[in-house]
Structures are given as C-alpha cells and as structure tokens.
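Reading through the structure tokens given below for one structure.
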2 protein chains.
Amino acid sequence: MEIKPVAYIHNDFKTKFAVPRQSGISDIPSTIVFEKEYCDENAVRGIEGFSHLWLIWGFSENIRESHSLTVRPPRLGGNVRLGVFATRSPFRPNNLGLSSVKLVKSEFKNGTLTLTVNGADLIDGTPIYDIKPYVKYSDCHENAVSGFADSEEFNILKVEIDNQLLNKLPKEKRQTLLTILENDPRPAYQNDSERVYGFEFAEFEIKFTVEGNTLKVKDIYAK
Amino acid sequence: MEIKPVAYIHNDFKTKFAVPRQSGISDIPSTIVFEKEYCDENAVRGIEGFSHLWLIWGFSENIRESHSLTVRPPRLGGNVRLGVFATRSPFRPNNLGLSSVKLVKSEFKNGTLTLTVNGADLIDGTPIYDIKPYVKYSDCHENAVSGFADSEEFNILKVEIDNQLLNKLPKEKRQTLLTILENDPRPAYQNDSERVYGFEFAEFEIKFTVEGNTLKVKDIYAK
C-alpha cells in the first residue's frame with residue numbers, strides 16, 4: 001500500500017539525540033504543517049474538542065532495506081534483545097511511528113493550515129501520515145501493564161548550567177532545553193564521564209558532560 | 001512510502017456491521033497471523049510483558065481514490081460534518097486505522113506465529129502494518145478530553161433472544177454475539193422499528209429488529 005504524508009512537523013529537534021525518548025513526557029512545542037491538499041479549515045473542523053491527538057508518522061532517518069526481528073532497547077542497557085513487535089524501536093518493518101501529543105491550537109492563515117502541539121518526540125521535518133483524535137474510553141487503559149517500559153524506570157538527571165550560557169538562548173526556548181537535558185540526551189549505551197557530548201538544538205550547539213546523575217553544560221554557541 | 005502487511009487478523013466479524021464501533025470495548029477474541037517473513041518466535045520476544053498492544057492497520061474495504069476533508073460521525077447522528085482529522089472515520093487519507101487490543105497469548109506452532117487478542121474492531125482478513133506494545137506512561141492520558149467521542153454517549157441496547165435461537169451457535173460464541181447486539185449493529189443513521197436487519201457473524205446470519213431501546217433477535221441460521 002502506498003501512503004503519502006498529510007503533513008510535516010517542525011520544531012527545534014534537529015537530531016535524534018535531542019528528542020525525548022517517548023512522546024507525552026514534556027511540553028516541548030512543535031508545529032504541524034499540512035500539505036497543500038489538506039490546507040482547508042474544514043479538514044480539522046471540531047478538533048479543538050480534543051485535548052490530545054495521535055500522530056502516525058515515518059521514521060524517515062532510519063529507513064533500511066531489511067530489519068532484524070530483534071532489537072536492543074536502550075531502556076534495558078542495550079544488552080537484551082527483544083522482538084521488534086515487543087518494543088517501540090524505530091528500526092521496524094514499515095518504519096511507522098506512533099505518538100500522542102497535546103493539542104494547543106489549530107490555525108488557518110495565508111492559505112496554510114497548522115496545528116501547534118506539545119510533547120511530540122519527532123525530529124524536525126518528520127513526515128506525518130495520519131492525525132487522529134485521542135479517544136479516552138478506547139485509548140486510555142489505566143490498568144495496562146507495560147513490561148520493561150514502565151515509567152518507574154525513568155532516570156531524571158540533575159542539570160547544572162551557568163545562567164550566562166542559558167541566556168544565550170531566546171527566553172522561550174530555555175525551559176525546553178532544560179527538559180531535554182534532564183531526560184538525558186546521551187546516545188544510548190554511553191556512559192563516559194570524561195566525554196564531552198554535543199547535540200543540535202534549535203540554532204544552537206549544546207556541549208555537556210555527565211558524571212553519575214549530574215549533567216553539566218560546558219558550552220552553548222550559535223551554529 | 002510503500003508499506004506491506006506484517007500480519008492479517010482473523011475473527012468472526014465478516015462484515016463491518018458486526019464490528020464494535022471502537023476498539024477496547026469488548027472481550028471479543030481475534031487471532032493475528034504473521035506473514036511468513038515474521039514467523040519467528042524472536043519477533044515477539046518479550047511481548048508477554050505487555051497487557052495491551054497497538055495495531056496500525058488498513059481500512060481495506062474502504063479504499064477510495066480521493067477523500068472528502070469532512071465526514072459525518074455516526075455518533076452525532078450523521079447530520080454534523082467534522083474534519084476528517086477530528087474523527088476516527090475509516091474514510092480518511094492513507095486508509096490507516098489505529099486500535100488498542102488486549103494481549104491474551106502469543107504462540108509459535110508448525111512454523112506459524114500468532115497472537116490471540118481481545119477487543120479488536122477489525123473485520124476478518126484486515127491487513128496489519130505494525131504491532132507495538134502499549135506503554136502506559138506515554139499512551140494513557142487519564143485527563144484527556146475527547147470532544148464528541150466521550151464514552152458517556154454510548155447507548156447499550158437491551159437484547160431479547162430465545163434460548164432456542166442462541167443455542168444454534170457454538171457455546172463459545174454466544175457471549176460474543178450478545179455483546180455485538182448490545183452495541184447496536186445497525187448501519188449508522190438507521191432507525192426503523194419495522195425493519196428486519198441482518199448481518200453475518202461467524203458462519204451464521206443474524207436477523208433482528210430494534211424498537212426503542214430493545215433489540216429482538218428474529219432468526220439465526222447457518223449460511
């Protein structure tokens with residue numbers, strides 16, 4: 001079956017290392033811009049009645065010809081192999097991602113239809129193949145058991161950063177950066193307290209080290 | 001992007017009228033049979049740790065060349081037009097469906113890998129493009145607001161059926177049929193107390209009428 005993007009997402013996550021590991025854990029904003037054929041207010045009529053939306057999207061950076069049937073989830077330290085259908089790994093048949101996001105607003109301006117959403121875990125420029133309203137009675141399973149992916153296992157880092165560095169960012173992006181840093185933007189499986197890690201965020205390069213449970217920001221500069 | 005089924009679902013829903021309007025509201029069983037290239041126990045290693053799964057699937061009976069940007073949800077009586085991205089309507093760009101189901105068991109036997117799941121709202125033979133574990137902390141939003149699709153609006157019918165008729169079905173399918181009937185299997189927008197409605201369930205044809213809030217089963221016969 002051939003599928004075509006209905007929209008693309010835009011945000012400050014320029015590489016996968018800045019993206020939260022799962023959707024819904026932050027209030028980091030993104031803008032969804034619809035493709036021309038859907039740029040019509042009617043396409044989203046009634047959407048403000050929903051607090052959350054589902055995005056079905058494409059892992060556009062990960063497309064491979066073939067996939068292994070097993071993957072090593074970062075949450076398990078990278079040493080345990082699980083079936084691809086037992087994980088949310090991006091390396092999967094059909095390269096489809098699924099994320100829930102909070103709807104902030106929809107806007108139709110100058111012929112362009114956009115949705116502002118919070119909490120997406122998609123890299124800037126990711127194609128979106130469908131947008132559906134989140135329906136609580138069928139989508140929210142309060143008694144669900146989530147195997148190795150239960151939330152208790154999340155580790156939040158303590159972040160140390162000089163105000164002088166933080167103030168290099170526009171005001172509205174500072175809290176977003178702190179949230180990303182707390183959620184540990186290191187590549188999976190890496191734990192080297194000497195190493196200076198770096199990632200791209202908005203128009204900036206962010207440099208940091210991690211020792212134990214503390215992340216120290218070493219430098220921030222415009223690219 | 002080209003996507004290919006990873007599995008097909010099999011159950012007693014032979015037509016869309018028997019299918020519950022949304023996933024997760026029943027314990028009706030289905031079997032997911034993986035395509036040959038995924039028939040390997042490793043593909044689902046660890047999946048038993050999860051109580052629920054997501055299915056991304058194709059509305060295979062609804063494929064149209066083009067779609068309207070608005071649809072008329074049955075829940076609103078069929079008179080109100082909403083944007084396709086504000087509904088879960090099957091008539092949508094890319095024909096992708098999204099459903100959560102309860103995982104009962106996975107089984108690898110005679111070279112075939114299957115998952116037994118409860119609560120699917122997919123017709124027999126529907127292609128599945130991805131299966132992902134349900135992750136409670138990112139997927140379950142207890143405070144979500146779901147516009148017109150809030151559960152309070154569901155209408156459960158009172159079902160009248162002679163035991164003689166019900167006993168024509170194999171024992172294990174009787175409760176399933178009662179659940180389907182309670183959930184009102186009439187085509188959307190129809191409300192004619194004189195009319196005898198019919199639908200296919202398992203290997204049987206079911207005939208019924210609805211007057212007010214009561215559904216009466218008129219006949220059940222093997223096809």
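Identifiers for the structure tokens are assigned positionally: chains receive A, B, ... in sequence, residues are indexed from 1 per chain, and ligands are indexed from 1 in the order shown.
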Given only C-alpha atoms, how would the per-residue table for chain B near chain A read, listing every residue at most 7 Å away with its closest atom pair and distance in Å to one decimal, sorted by chain and number, as JSON lines?
```
{"residue": "B:Met1", "atom": "CA", "partner": "A:Ile3", "partner_atom": "CA", "distance": 5.3}
{"residue": "B:Glu2", "atom": "CA", "partner": "A:Glu2", "partner_atom": "CA", "distance": 4.5}
{"residue": "B:Ile3", "atom": "CA", "partner": "A:Asn94", "partner_atom": "CA", "distance": 5.3}
{"residue": "B:Lys4", "atom": "CA", "partner": "A:Met1", "partner_atom": "CA", "distance": 6.3}
{"residue": "B:Gln22", "atom": "CA", "partner": "A:Ser138", "partner_atom": "CA", "distance": 6.7}
{"residue": "B:Ser23", "atom": "CA", "partner": "A:Ser138", "partner_atom": "CA", "distance": 5.9}
{"residue": "B:Gly24", "atom": "CA", "partner": "A:Ser138", "partner_atom": "CA", "distance": 5.3}
{"residue": "B:Ile25", "atom": "CA", "partner": "A:Ser138", "partner_atom": "CA", "distance": 6.8}
{"residue": "B:Asn42", "atom": "CA", "partner": "A:Gly83", "partner_atom": "CA", "distance": 5.2}
{"residue": "B:Ala43", "atom": "CA", "partner": "A:Gly83", "partner_atom": "CA", "distance": 4.1}
{"residue": "B:Val44", "atom": "CA", "partner": "A:Gly83", "partner_atom": "CA", "distance": 4.3}
{"residue": "B:Arg45", "atom": "CA", "partner": "A:Gly83", "partner_atom": "CA", "distance": 4.3}
{"residue": "B:Gly46", "atom": "CA", "partner": "A:Leu82", "partner_atom": "CA", "distance": 5.8}
{"residue": "B:Ile47", "atom": "CA", "partner": "A:Ala86", "partner_atom": "CA", "distance": 4.6}
{"residue": "B:Gly49", "atom": "CA", "partner": "A:Gly147", "partner_atom": "CA", "distance": 4.2}
{"residue": "B:Phe50", "atom": "CA", "partner": "A:Ser146", "partner_atom": "CA", "distance": 4.7}
{"residue": "B:Ser51", "atom": "CA", "partner": "A:Val145", "partner_atom": "CA", "distance": 5.1}
{"residue": "B:His52", "atom": "CA", "partner": "A:Ala144", "partner_atom": "CA", "distance": 6.4}
{"residue": "B:Leu69", "atom": "CA", "partner": "A:Ala43", "partner_atom": "CA", "distance": 4.7}
{"residue": "B:Thr70", "atom": "CA", "partner": "A:Ala43", "partner_atom": "CA", "distance": 6.0}
{"residue": "B:Leu82", "atom": "CA", "partner": "A:Arg45", "partner_atom": "CA", "distance": 5.0}
{"residue": "B:Gly83", "atom": "CA", "partner": "A:Ala43", "partner_atom": "CA", "distance": 4.1}
{"residue": "B:Val84", "atom": "CA", "partner": "A:Ala43", "partner_atom": "CA", "distance": 5.6}
{"residue": "B:Phe85", "atom": "CA", "partner": "A:Val44", "partner_atom": "CA", "distance": 5.3}
{"residue": "B:Ala86", "atom": "CA", "partner": "A:Ile47", "partner_atom": "CA", "distance": 4.6}
{"residue": "B:Thr87", "atom": "CA", "partner": "A:Pro133", "partner_atom": "CA", "distance": 6.0}
{"residue": "B:Arg88", "atom": "CA", "partner": "A:Lys132", "partner_atom": "CA", "distance": 6.0}
{"residue": "B:Asn94", "atom": "CA", "partner": "A:Ile3", "partner_atom": "CA", "distance": 5.3}
{"residue": "B:Ser100", "atom": "CA", "partner": "A:Asp139", "partner_atom": "CA", "distance": 6.6}
{"residue": "B:Tyr129", "atom": "CA", "partner": "A:Asn94", "partner_atom": "CA", "distance": 6.9}
{"residue": "B:Ile131", "atom": "CA", "partner": "A:Phe85", "partner_atom": "CA", "distance": 5.5}
{"residue": "B:Lys132", "atom": "CA", "partner": "A:Phe85", "partner_atom": "CA", "distance": 5.4}
{"residue": "B:Pro133", "atom": "CA", "partner": "A:Ala86", "partner_atom": "CA", "distance": 5.5}
{"residue": "B:Tyr134", "atom": "CA", "partner": "A:Ser146", "partner_atom": "CA", "distance": 6.4}
{"residue": "B:Val135", "atom": "CA", "partner": "A:Ser146", "partner_atom": "CA", "distance": 5.2}
{"residue": "B:Lys136", "atom": "CA", "partner": "A:Ala144", "partner_atom": "CA", "distance": 6.0}
{"residue": "B:Tyr137", "atom": "CA", "partner": "A:Ser151", "partner_atom": "CA", "distance": 5.7}
{"residue": "B:Ser138", "atom": "CA", "partner": "A:Gly24", "partner_atom": "CA", "distance": 5.3}
{"residue": "B:Asp139", "atom": "CA", "partner": "A:Ser100", "partner_atom": "CA", "distance": 6.6}
{"residue": "B:Cys140", "atom": "CA", "partner": "A:Cys140", "partner_atom": "CA", "distance": 4.3}
{"residue": "B:His141", "atom": "CA", "partner": "A:Cys140", "partner_atom": "CA", "distance": 6.0}
{"residue": "B:Glu142", "atom": "CA", "partner": "A:Cys140", "partner_atom": "CA", "distance": 6.5}
{"residue": "B:Ala144", "atom": "CA", "partner": "A:Ser51", "partner_atom": "CA", "distance": 5.7}
{"residue": "B:Val145", "atom": "CA", "partner": "A:Ser51", "partner_atom": "CA", "distance": 5.1}
{"residue": "B:Ser146", "atom": "CA", "partner": "A:Phe50", "partner_atom": "CA", "distance": 4.7}
{"residue": "B:Gly147", "atom": "CA", "partner": "A:Gly49", "partner_atom": "CA", "distance": 4.2}
{"residue": "B:Ala149", "atom": "CA", "partner": "A:Val135", "partner_atom": "CA", "distance": 6.3}
{"residue": "B:Asp150", "atom": "CA", "partner": "A:Tyr137", "partner_atom": "CA", "distance": 6.9}
{"residue": "B:Ser151", "atom": "CA", "partner": "A:Tyr137", "partner_atom": "CA", "distance": 5.7}
```
Q. Hey, what's within 8 Å of Ile9 in chain B if we count only C-alpha atoms and toss same-chain stuff fewer than 5 positions away? As a PyMOL selection string, please?
A. chain B and resi 30-33+122-128
Output file for the residues above (all heavy atoms, as a PDB file, in the first residue's frame):
```pdb
ATOM      1  N   SER B  30      -9.789 -12.267  18.675  1.00  0.00           N
ATOM      2  CA  SER B  30      -9.303 -12.347  17.295  1.00  0.00           C
ATOM      3  C   SER B  30      -7.932 -13.014  17.319  1.00  0.00           C
ATOM      4  O   SER B  30      -7.257 -13.015  18.349  1.00  0.00           O
ATOM      5  CB  SER B  30      -9.143 -10.943  16.688  1.00  0.00           C
ATOM      6  OG  SER B  30     -10.375 -10.261  16.596  1.00  0.00           O
ATOM      7  N   THR B  31      -7.541 -13.547  16.169  1.00  0.00           N
ATOM      8  CA  THR B  31      -6.205 -14.132  16.037  1.00  0.00           C
ATOM      9  C   THR B  31      -5.432 -13.347  14.987  1.00  0.00           C
ATOM     10  O   THR B  31      -5.926 -13.132  13.878  1.00  0.00           O
ATOM     11  CB  THR B  31      -6.298 -15.605  15.596  1.00  0.00           C
ATOM     12  OG1 THR B  31      -7.139 -16.296  16.515  1.00  0.00           O
ATOM     13  CG2 THR B  31      -4.917 -16.248  15.581  1.00  0.00           C
ATOM     14  N   ILE B  32      -4.241 -12.913  15.352  1.00  0.00           N
ATOM     15  CA  ILE B  32      -3.364 -12.217  14.417  1.00  0.00           C
ATOM     16  C   ILE B  32      -2.346 -13.234  13.896  1.00  0.00           C
ATOM     17  O   ILE B  32      -1.639 -13.859  14.684  1.00  0.00           O
ATOM     18  CB  ILE B  32      -2.645 -11.045  15.118  1.00  0.00           C
ATOM     19  CG1 ILE B  32      -3.676  -9.981  15.508  1.00  0.00           C
ATOM     20  CG2 ILE B  32      -1.550 -10.468  14.239  1.00  0.00           C
ATOM     21  CD1 ILE B  32      -3.127  -8.915  16.445  1.00  0.00           C
ATOM     22  N   VAL B  33      -2.328 -13.415  12.587  1.00  0.00           N
ATOM     23  CA  VAL B  33      -1.405 -14.386  11.982  1.00  0.00           C
ATOM     24  C   VAL B  33      -0.332 -13.623  11.212  1.00  0.00           C
ATOM     25  O   VAL B  33      -0.639 -12.878  10.272  1.00  0.00           O
ATOM     26  CB  VAL B  33      -2.169 -15.340  11.030  1.00  0.00           C
ATOM     27  CG1 VAL B  33      -1.204 -16.366  10.423  1.00  0.00           C
ATOM     28  CG2 VAL B  33      -3.308 -16.034  11.762  1.00  0.00           C
ATOM     29  N   LEU B 122     -11.552  -4.812  14.091  1.00  0.00           N
ATOM     30  CA  LEU B 122     -11.129  -5.025  12.697  1.00  0.00           C
ATOM     31  C   LEU B 122     -11.946  -6.176  12.101  1.00  0.00           C
ATOM     32  O   LEU B 122     -12.208  -7.171  12.769  1.00  0.00           O
ATOM     33  CB  LEU B 122      -9.654  -5.422  12.632  1.00  0.00           C
ATOM     34  CG  LEU B 122      -8.582  -4.373  12.942  1.00  0.00           C
ATOM     35  CD1 LEU B 122      -8.606  -3.926  14.387  1.00  0.00           C
ATOM     36  CD2 LEU B 122      -7.192  -4.905  12.588  1.00  0.00           C
ATOM     37  N   ILE B 123     -12.321  -6.031  10.836  1.00  0.00           N
ATOM     38  CA  ILE B 123     -13.037  -7.100  10.132  1.00  0.00           C
ATOM     39  C   ILE B 123     -12.064  -8.245   9.829  1.00  0.00           C
ATOM     40  O   ILE B 123     -10.867  -8.014   9.608  1.00  0.00           O
ATOM     41  CB  ILE B 123     -13.617  -6.568   8.804  1.00  0.00           C
ATOM     42  CG1 ILE B 123     -14.602  -5.421   9.072  1.00  0.00           C
ATOM     43  CG2 ILE B 123     -14.331  -7.673   8.023  1.00  0.00           C
ATOM     44  CD1 ILE B 123     -15.167  -4.818   7.799  1.00  0.00           C
ATOM     45  N   ASP B 124     -12.608  -9.458   9.806  1.00  0.00           N
ATOM     46  CA  ASP B 124     -11.854 -10.647   9.408  1.00  0.00           C
ATOM     47  C   ASP B 124     -11.061 -10.384   8.117  1.00  0.00           C
ATOM     48  O   ASP B 124     -11.618  -9.908   7.133  1.00  0.00           O
ATOM     49  CB  ASP B 124     -12.855 -11.787   9.161  1.00  0.00           C
ATOM     50  CG  ASP B 124     -12.167 -13.101   8.874  1.00  0.00           C
ATOM     51  OD1 ASP B 124     -11.246 -13.463   9.625  1.00  0.00           O
ATOM     52  OD2 ASP B 124     -12.555 -13.765   7.893  1.00  0.00           O
ATOM     53  N   GLY B 125      -9.767 -10.684   8.151  1.00  0.00           N
ATOM     54  CA  GLY B 125      -8.943 -10.539   6.948  1.00  0.00           C
ATOM     55  C   GLY B 125      -8.250  -9.198   6.795  1.00  0.00           C
ATOM     56  O   GLY B 125      -7.555  -8.968   5.802  1.00  0.00           O
ATOM     57  N   THR B 126      -8.424  -8.296   7.773  1.00  0.00           N
ATOM     58  CA  THR B 126      -7.820  -6.962   7.678  1.00  0.00           C
ATOM     59  C   THR B 126      -6.285  -7.045   7.772  1.00  0.00           C
ATOM     60  O   THR B 126      -5.754  -7.723   8.647  1.00  0.00           O
ATOM     61  CB  THR B 126      -8.352  -6.066   8.825  1.00  0.00           C
ATOM     62  OG1 THR B 126      -9.759  -5.896   8.666  1.00  0.00           O
ATOM     63  CG2 THR B 126      -7.675  -4.709   8.830  1.00  0.00           C
ATOM     64  N   PRO B 127      -5.580  -6.348   6.876  1.00  0.00           N
ATOM     65  CA  PRO B 127      -4.115  -6.327   6.958  1.00  0.00           C
ATOM     66  C   PRO B 127      -3.623  -5.420   8.081  1.00  0.00           C
ATOM     67  O   PRO B 127      -4.184  -4.351   8.309  1.00  0.00           O
ATOM     68  CB  PRO B 127      -3.694  -5.754   5.596  1.00  0.00           C
ATOM     69  CG  PRO B 127      -4.862  -4.932   5.147  1.00  0.00           C
ATOM     70  CD  PRO B 127      -6.095  -5.593   5.719  1.00  0.00           C
ATOM     71  N   ILE B 128      -2.578  -5.873   8.770  1.00  0.00           N
ATOM     72  CA  ILE B 128      -1.979  -5.112   9.862  1.00  0.00           C
ATOM     73  C   ILE B 128      -0.569  -4.689   9.440  1.00  0.00           C
ATOM     74  O   ILE B 128       0.210  -5.523   8.981  1.00  0.00           O
ATOM     75  CB  ILE B 128      -1.940  -5.968  11.145  1.00  0.00           C
ATOM     76  CG1 ILE B 128      -3.380  -6.263  11.583  1.00  0.00           C
ATOM     77  CG2 ILE B 128      -1.160  -5.273  12.264  1.00  0.00           C
ATOM     78  CD1 ILE B 128      -3.479  -7.239  12.734  1.00  0.00           C
TER      79      ILE B 128
END
```
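You will find CA of Val159 in chain A at 16.8 Å from CA of Val19 in chain A.
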Q | All strand (DSSP E) residues (DSSP, backbone) inside range 74-123 of chain A, as a list in words | A | Leu82, Gly83, Leu96, Gly97, Leu98, Ser99, Ser100, Val101, Lys102, Leu103, Val104, Lys105, Ser106, Glu107, Phe108, Lys109, Thr112, Leu113, Thr114, Leu115, Thr116, Val117 and Asn118 of chain A
Q) Using only C-alpha atoms, which residues sit within 8 Å of Phe199 in chain A once same-chain residues fewer than 6 positions away are excluded, as an NGL selection string? A) :A and (15 or 17-18 or 205-207)
Keeping N, CA, C and O atoms for every residue in the selection just given, could you write it to a file as a PDB file, in the first residue's frame?
```pdb
ATOM      1  N   THR A  15      18.358  16.822  15.619  1.00  0.00           N
ATOM      2  CA  THR A  15      18.881  15.452  15.534  1.00  0.00           C
ATOM      3  C   THR A  15      18.145  14.592  16.555  1.00  0.00           C
ATOM      4  O   THR A  15      17.542  15.106  17.498  1.00  0.00           O
ATOM      5  N   PHE A  17      19.182  12.937  18.986  1.00  0.00           N
ATOM      6  CA  PHE A  17      19.683  12.910  20.361  1.00  0.00           C
ATOM      7  C   PHE A  17      18.949  13.899  21.271  1.00  0.00           C
ATOM      8  O   PHE A  17      18.892  13.705  22.478  1.00  0.00           O
ATOM      9  N   ALA A  18      18.384  14.940  20.685  1.00  0.00           N
ATOM     10  CA  ALA A  18      17.670  15.928  21.495  1.00  0.00           C
ATOM     11  C   ALA A  18      16.227  15.497  21.777  1.00  0.00           C
ATOM     12  O   ALA A  18      15.581  16.033  22.668  1.00  0.00           O
ATOM     13  N   GLU A 205      24.418  24.778  19.196  1.00  0.00           N
ATOM     14  CA  GLU A 205      25.114  23.542  19.533  1.00  0.00           C
ATOM     15  C   GLU A 205      25.254  23.538  21.057  1.00  0.00           C
ATOM     16  O   GLU A 205      25.657  24.534  21.673  1.00  0.00           O
ATOM     17  N   ILE A 206      24.886  22.414  21.670  1.00  0.00           N
ATOM     18  CA  ILE A 206      24.920  22.293  23.132  1.00  0.00           C
ATOM     19  C   ILE A 206      25.995  21.270  23.498  1.00  0.00           C
ATOM     20  O   ILE A 206      25.988  20.153  22.974  1.00  0.00           O
ATOM     21  N   LYS A 207      26.937  21.632  24.383  1.00  0.00           N
ATOM     22  CA  LYS A 207      28.005  20.721  24.797  1.00  0.00           C
ATOM     23  C   LYS A 207      27.869  20.418  26.288  1.00  0.00           C
ATOM     24  O   LYS A 207      27.656  21.336  27.085  1.00  0.00           O
TER      25      LYS A 207
END
```
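CA of Pro29 in chain A to CA of Gln175 in chain A spans 11.1 Å [interatomic distance, one decimal].
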Q. So how many Å separate CA of Gly212 in chain A and CA of Glu172 in chain A, to one decimal?
A.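 For CA of Gly212 in chain A relative to CA of Glu172 in chain A, the distance reads 29.1 Å.
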